[in-house]
Amino acid sequence: MAEPDKQPNTVFNIEKIYIKDVSYEAPGVPLVFSQSQNAGAEIGVQLGLEHSTLAAEQGLYEVALTITATARRDNRNIFLVEVKQAGIFRIGGVDPESLQRALEISSAYALLPFAREAINNFVEKGGFPQLLITPINFEALYEQKHSAPASQPGLN
């Protein structure tokens, strides 16, 4: 990924970070607490990333990272937490490909710590052990996303 400071007049600023949407459910509480803690829960994590232009002439974009974490045991949900962590970013002085990379990689990396903290806080306040989302390689996800159509015949 090209570093933003390698081009003259390149701008990448975080203007605002905020939670846009959040949902927490623990359908089996309090009965789930009486079950054996040795019976491990299956943890699942899903990611989503979306971005939109707020004011192109000013270089303002909104990026929203959605993380959904679920814990299941015996085909039943123990908890489900979904956080849509968003931010407003000012990005300028870059070519269109670098803009895409800034929106889908750099912005996502900036939002991830906030989303991880929110997920963990909701899980802990629900009475469950910490849930620390592992680091995510947004650059690899970007490369995978943008190379997939080219590798499929008939989609060029």
# chains A, B, ... in the order shown; residues from 1 in each chain; ligands from 1

$ residues_around --residues "Ile78 of chain A" --least-positions-apart "3" --cutoff "9 Å" --atoms "only C-alpha atoms" --output "list of chain:residue names"
A:Glu25, A:Ala26, A:Pro27, A:Gly28, A:Val29, A:Val32, A:Ala41, A:Thr70, A:Ala71, A:Arg72, A:Arg73

$ select_by_dssp --residues "segment 78-119 of chain A" --states "strand (DSSP E or B)" --output "MDAnalysis selection string"
chainID A and resid 78:92

$ residues_around --residues "Tyr18 of chain A" --least-positions-apart "5" --cutoff "7 Å" --atoms "only C-alpha atoms" --output "list of chain:residue names"
A:Gln85, A:Ala86, A:Gly87

$ closest_residue --among "A:Glu82, A:Glu124, A:Glu117, A:Glu139" --to "Leu47 of chain A" --atoms "only C-alpha atoms"
A:Glu82

$ atom_distance --atom1 "atom CA of Val45 of chain A" --atom2 "atom CA of Thr68 of chain A"
5.6 Å

$ atom_distance --atom1 "atom CA of Val63 of chain A" --atom2 "atom CA of Leu111 of chain A"
8.6 Å

$ select_by_dssp --residues "segment 8-123 of chain A" --states "alpha helix (DSSP H)" --output "ChimeraX atom specification"
/A:31-34,96-101,107-123

$ write_last_selection --atoms "N, CA, C and O atoms" --output "tab-separated table (two decimals), in the first residue's frame"
chain	number	residue	atom	x	y	z
A	31	LEU	N	-30.15	-18.62	32.49
A	31	LEU	CA	-29.93	-20.07	32.54
A	31	LEU	C	-28.57	-20.49	32.00
A	31	LEU	O	-27.99	-21.45	32.48
A	32	VAL	N	-28.05	-19.76	31.01
A	32	VAL	CA	-26.78	-20.13	30.42
A	32	VAL	C	-25.64	-20.05	31.45
A	32	VAL	O	-24.66	-20.79	31.35
A	33	PHE	N	-25.78	-19.22	32.46
A	33	PHE	CA	-24.74	-19.09	33.47
A	33	PHE	C	-24.66	-20.32	34.37
A	33	PHE	O	-23.62	-20.60	34.94
A	34	SER	N	-25.73	-21.06	34.48
A	34	SER	CA	-25.72	-22.26	35.34
A	34	SER	C	-25.16	-23.48	34.61
A	34	SER	O	-24.87	-24.49	35.24
A	96	PRO	N	-7.59	7.57	-7.75
A	96	PRO	CA	-8.76	6.76	-7.38
A	96	PRO	C	-8.43	5.43	-6.72
A	96	PRO	O	-9.12	5.02	-5.78
A	97	GLU	N	-7.38	4.74	-7.17
A	97	GLU	CA	-7.03	3.46	-6.54
A	97	GLU	C	-6.54	3.67	-5.10
A	97	GLU	O	-6.91	2.93	-4.20
A	98	SER	N	-5.73	4.69	-4.90
A	98	SER	CA	-5.25	4.99	-3.55
A	98	SER	C	-6.40	5.43	-2.65
A	98	SER	O	-6.39	5.13	-1.45
A	99	LEU	N	-7.39	6.11	-3.21
A	99	LEU	CA	-8.56	6.49	-2.43
A	99	LEU	C	-9.30	5.24	-1.96
A	99	LEU	O	-9.66	5.14	-0.79
A	100	GLN	N	-9.50	4.28	-2.86
A	100	GLN	CA	-10.16	3.02	-2.48
A	100	GLN	C	-9.39	2.32	-1.38
A	100	GLN	O	-9.98	1.81	-0.43
A	101	ARG	N	-8.09	2.27	-1.52
A	101	ARG	CA	-7.25	1.62	-0.50
A	101	ARG	C	-7.35	2.35	0.83
A	101	ARG	O	-7.42	1.72	1.89
A	107	SER	N	-8.73	3.33	6.70
A	107	SER	CA	-9.86	3.72	7.54
A	107	SER	C	-10.33	2.56	8.41
A	107	SER	O	-10.67	2.75	9.58
A	108	ALA	N	-10.35	1.37	7.83
A	108	ALA	CA	-10.77	0.19	8.59
A	108	ALA	C	-9.81	-0.07	9.76
A	108	ALA	O	-10.26	-0.38	10.86
A	109	TYR	N	-8.51	0.08	9.51
A	109	TYR	CA	-7.54	-0.08	10.60
A	109	TYR	C	-7.77	0.96	11.70
A	109	TYR	O	-7.60	0.67	12.89
A	110	ALA	N	-8.15	2.18	11.33
A	110	ALA	CA	-8.41	3.22	12.32
A	110	ALA	C	-9.65	2.90	13.16
A	110	ALA	O	-9.70	3.20	14.35
A	111	LEU	N	-10.66	2.27	12.55
A	111	LEU	CA	-11.91	1.97	13.24
A	111	LEU	C	-11.84	0.71	14.10
A	111	LEU	O	-12.56	0.59	15.09
A	112	LEU	N	-10.98	-0.24	13.72
A	112	LEU	CA	-10.94	-1.54	14.38
A	112	LEU	C	-10.76	-1.48	15.90
A	112	LEU	O	-11.50	-2.15	16.62
A	113	PRO	N	-9.83	-0.72	16.44
A	113	PRO	CA	-9.67	-0.71	17.91
A	113	PRO	C	-10.94	-0.27	18.64
A	113	PRO	O	-11.26	-0.80	19.71
A	114	PHE	N	-11.65	0.68	18.08
A	114	PHE	CA	-12.89	1.15	18.70
A	114	PHE	C	-13.97	0.07	18.67
A	114	PHE	O	-14.68	-0.14	19.65
A	115	ALA	N	-14.09	-0.61	17.54
A	115	ALA	CA	-15.07	-1.68	17.41
A	115	ALA	C	-14.72	-2.85	18.33
A	115	ALA	O	-15.61	-3.41	18.98
A	116	ARG	N	-13.45	-3.20	18.41
A	116	ARG	CA	-13.01	-4.29	19.30
A	116	ARG	C	-13.36	-3.98	20.75
A	116	ARG	O	-13.85	-4.83	21.48
A	117	GLU	N	-13.10	-2.74	21.16
A	117	GLU	CA	-13.38	-2.34	22.53
A	117	GLU	C	-14.89	-2.40	22.81
A	117	GLU	O	-15.31	-2.88	23.87
A	118	ALA	N	-15.69	-1.91	21.87
A	118	ALA	CA	-17.15	-1.92	22.07
A	118	ALA	C	-17.67	-3.35	22.18
A	118	ALA	O	-18.48	-3.65	23.06
A	119	ILE	N	-17.22	-4.24	21.30
A	119	ILE	CA	-17.65	-5.64	21.35
A	119	ILE	C	-17.31	-6.24	22.71
A	119	ILE	O	-18.14	-6.85	23.38
A	120	ASN	N	-16.05	-6.06	23.12
A	120	ASN	CA	-15.61	-6.62	24.40
A	120	ASN	C	-16.42	-6.06	25.56
A	120	ASN	O	-16.80	-6.80	26.47
A	121	ASN	N	-16.68	-4.76	25.54
A	121	ASN	CA	-17.45	-4.14	26.64
A	121	ASN	C	-18.85	-4.73	26.74
A	121	ASN	O	-19.32	-5.02	27.85
A	122	PHE	N	-19.54	-4.89	25.62
A	122	PHE	CA	-20.89	-5.44	25.67
A	122	PHE	C	-20.88	-6.89	26.16
A	122	PHE	O	-21.73	-7.29	26.95
A	123	VAL	N	-19.91	-7.68	25.71
A	123	VAL	CA	-19.84	-9.08	26.13
A	123	VAL	C	-19.57	-9.15	27.63
A	123	VAL	O	-20.24	-9.89	28.35

$ closest_residue --among "A:Lys84, A:Ser147, A:Tyr142, A:Pro30" --to "Phe128 of chain A" --atoms "only C-alpha atoms"
A:Pro30

$ atom_distance --atom1 "atom CA of Glu104 of chain A" --atom2 "atom CA of Phe138 of chain A"
7.3 Å

$ closest_residue --among "A:Phe79, A:Pro135, A:Gly59, A:Gln46" --to "Ala102 of chain A" --atoms "only C-alpha atoms"
A:Gly59

$ residues_around --residues "Glu15 of chain A" --least-positions-apart "2" --cutoff "7 Å" --atoms "only C-alpha atoms" --output "PyMOL selection string"
chain A and resi 13+88-90

$ closest_residue --among "A:Gln130, A:Val81, A:Ser23, A:Asp95" --to "Ala69 of chain A" --atoms "only C-alpha atoms"
A:Val81

$ decode --residues "segment 12-44 of chain A" --atoms "N, CA, C and O atoms" --output "short mmCIF file (atom, residue, chain, number, x, y, z; two decimals), in the first residue's frame"
data_model
loop_
_atom_site.label_atom_id
_atom_site.label_comp_id
_atom_site.auth_asym_id
_atom_site.auth_seq_id
_atom_site.Cartn_x
_atom_site.Cartn_y
_atom_site.Cartn_z
N PHE A 12 -4.90 12.53 4.88
CA PHE A 12 -5.68 11.46 5.49
C PHE A 12 -5.89 11.86 6.94
O PHE A 12 -4.99 11.73 7.77
N ASN A 13 -7.07 12.38 7.24
CA ASN A 13 -7.38 12.83 8.59
C ASN A 13 -8.64 12.13 9.09
O ASN A 13 -9.58 11.93 8.32
N ILE A 14 -8.63 11.81 10.36
CA ILE A 14 -9.82 11.30 11.02
C ILE A 14 -10.56 12.51 11.58
O ILE A 14 -10.04 13.21 12.45
N GLU A 15 -11.75 12.76 11.07
CA GLU A 15 -12.54 13.90 11.52
C GLU A 15 -13.42 13.54 12.71
O GLU A 15 -13.62 14.35 13.61
N LYS A 16 -13.96 12.31 12.71
CA LYS A 16 -14.89 11.91 13.78
C LYS A 16 -14.98 10.39 13.79
O LYS A 16 -15.01 9.76 12.74
N ILE A 17 -15.04 9.80 14.99
CA ILE A 17 -15.25 8.36 15.18
C ILE A 17 -16.50 8.22 16.05
O ILE A 17 -16.63 8.91 17.06
N TYR A 18 -17.41 7.31 15.66
CA TYR A 18 -18.66 7.16 16.40
C TYR A 18 -19.26 5.79 16.17
O TYR A 18 -18.97 5.12 15.18
N ILE A 19 -20.11 5.37 17.10
CA ILE A 19 -20.89 4.15 16.92
C ILE A 19 -22.16 4.55 16.19
O ILE A 19 -22.90 5.41 16.65
N LYS A 20 -22.38 3.91 15.06
CA LYS A 20 -23.56 4.22 14.25
C LYS A 20 -24.74 3.33 14.62
O LYS A 20 -25.88 3.75 14.57
N ASP A 21 -24.45 2.07 15.00
CA ASP A 21 -25.51 1.14 15.37
C ASP A 21 -24.90 0.07 16.26
O ASP A 21 -23.73 -0.28 16.11
N VAL A 22 -25.71 -0.44 17.18
CA VAL A 22 -25.25 -1.51 18.06
C VAL A 22 -26.43 -2.39 18.44
O VAL A 22 -27.56 -1.91 18.56
N SER A 23 -26.15 -3.67 18.59
CA SER A 23 -27.19 -4.61 19.01
C SER A 23 -26.53 -5.67 19.90
O SER A 23 -25.45 -6.16 19.58
N TYR A 24 -27.21 -5.99 20.99
CA TYR A 24 -26.71 -7.03 21.90
C TYR A 24 -27.90 -7.89 22.30
O TYR A 24 -28.95 -7.37 22.69
N GLU A 25 -27.72 -9.21 22.21
CA GLU A 25 -28.76 -10.15 22.63
C GLU A 25 -28.10 -11.29 23.39
O GLU A 25 -27.04 -11.77 22.99
N ALA A 26 -28.72 -11.72 24.45
CA ALA A 26 -28.29 -12.90 25.21
C ALA A 26 -29.55 -13.67 25.57
O ALA A 26 -30.04 -13.59 26.70
N PRO A 27 -30.09 -14.45 24.63
CA PRO A 27 -31.40 -15.06 24.83
C PRO A 27 -31.47 -16.09 25.95
O PRO A 27 -32.54 -16.30 26.51
N GLY A 28 -30.36 -16.71 26.30
CA GLY A 28 -30.42 -17.76 27.32
C GLY A 28 -30.10 -17.32 28.72
O GLY A 28 -30.01 -18.14 29.64
N VAL A 29 -29.89 -16.04 28.93
CA VAL A 29 -29.55 -15.53 30.25
C VAL A 29 -30.80 -15.52 31.11
O VAL A 29 -31.87 -15.16 30.63
N PRO A 30 -30.77 -15.93 32.35
CA PRO A 30 -29.62 -16.31 33.16
C PRO A 30 -29.32 -17.80 33.15
O PRO A 30 -28.33 -18.23 33.74
N LEU A 31 -30.15 -18.62 32.49
CA LEU A 31 -29.93 -20.07 32.54
C LEU A 31 -28.57 -20.49 32.00
O LEU A 31 -27.99 -21.45 32.48
N VAL A 32 -28.05 -19.76 31.01
CA VAL A 32 -26.78 -20.13 30.42
C VAL A 32 -25.64 -20.05 31.45
O VAL A 32 -24.66 -20.79 31.35
N PHE A 33 -25.78 -19.22 32.46
CA PHE A 33 -24.74 -19.09 33.47
C PHE A 33 -24.66 -20.32 34.37
O PHE A 33 -23.62 -20.60 34.94
N SER A 34 -25.73 -21.06 34.48
CA SER A 34 -25.72 -22.26 35.34
C SER A 34 -25.16 -23.48 34.61
O SER A 34 -24.87 -24.49 35.24
N GLN A 35 -24.98 -23.38 33.30
CA GLN A 35 -24.41 -24.49 32.55
C GLN A 35 -22.91 -24.56 32.79
O GLN A 35 -22.27 -23.56 33.11
N SER A 36 -22.38 -25.72 32.60
CA SER A 36 -20.94 -25.93 32.82
C SER A 36 -20.12 -25.01 31.93
O SER A 36 -20.31 -24.97 30.72
N GLN A 37 -19.21 -24.28 32.54
CA GLN A 37 -18.32 -23.40 31.78
C GLN A 37 -17.28 -24.20 31.01
O GLN A 37 -16.61 -23.68 30.13
N ASN A 38 -17.13 -25.49 31.33
CA ASN A 38 -16.18 -26.33 30.61
C ASN A 38 -16.66 -26.69 29.21
O ASN A 38 -15.87 -27.01 28.35
N ALA A 39 -17.98 -26.65 29.01
CA ALA A 39 -18.52 -26.92 27.68
C ALA A 39 -18.31 -25.66 26.85
O ALA A 39 -19.05 -24.69 26.98
N GLY A 40 -17.25 -25.65 26.05
CA GLY A 40 -16.85 -24.46 25.29
C GLY A 40 -17.88 -24.00 24.29
O GLY A 40 -18.60 -24.79 23.68
N ALA A 41 -17.95 -22.71 24.15
CA ALA A 41 -18.84 -22.10 23.17
C ALA A 41 -18.08 -21.94 21.85
O ALA A 41 -16.88 -21.74 21.83
N GLU A 42 -18.82 -22.03 20.77
CA GLU A 42 -18.26 -21.78 19.45
C GLU A 42 -18.45 -20.30 19.16
O GLU A 42 -19.56 -19.78 19.16
N ILE A 43 -17.34 -19.60 18.93
CA ILE A 43 -17.36 -18.17 18.68
C ILE A 43 -17.24 -17.93 17.18
O ILE A 43 -16.37 -18.50 16.53
N GLY A 44 -18.11 -17.10 16.65
CA GLY A 44 -18.05 -16.73 15.24
C GLY A 44 -17.96 -15.22 15.10
O GLY A 44 -18.59 -14.48 15.87
#
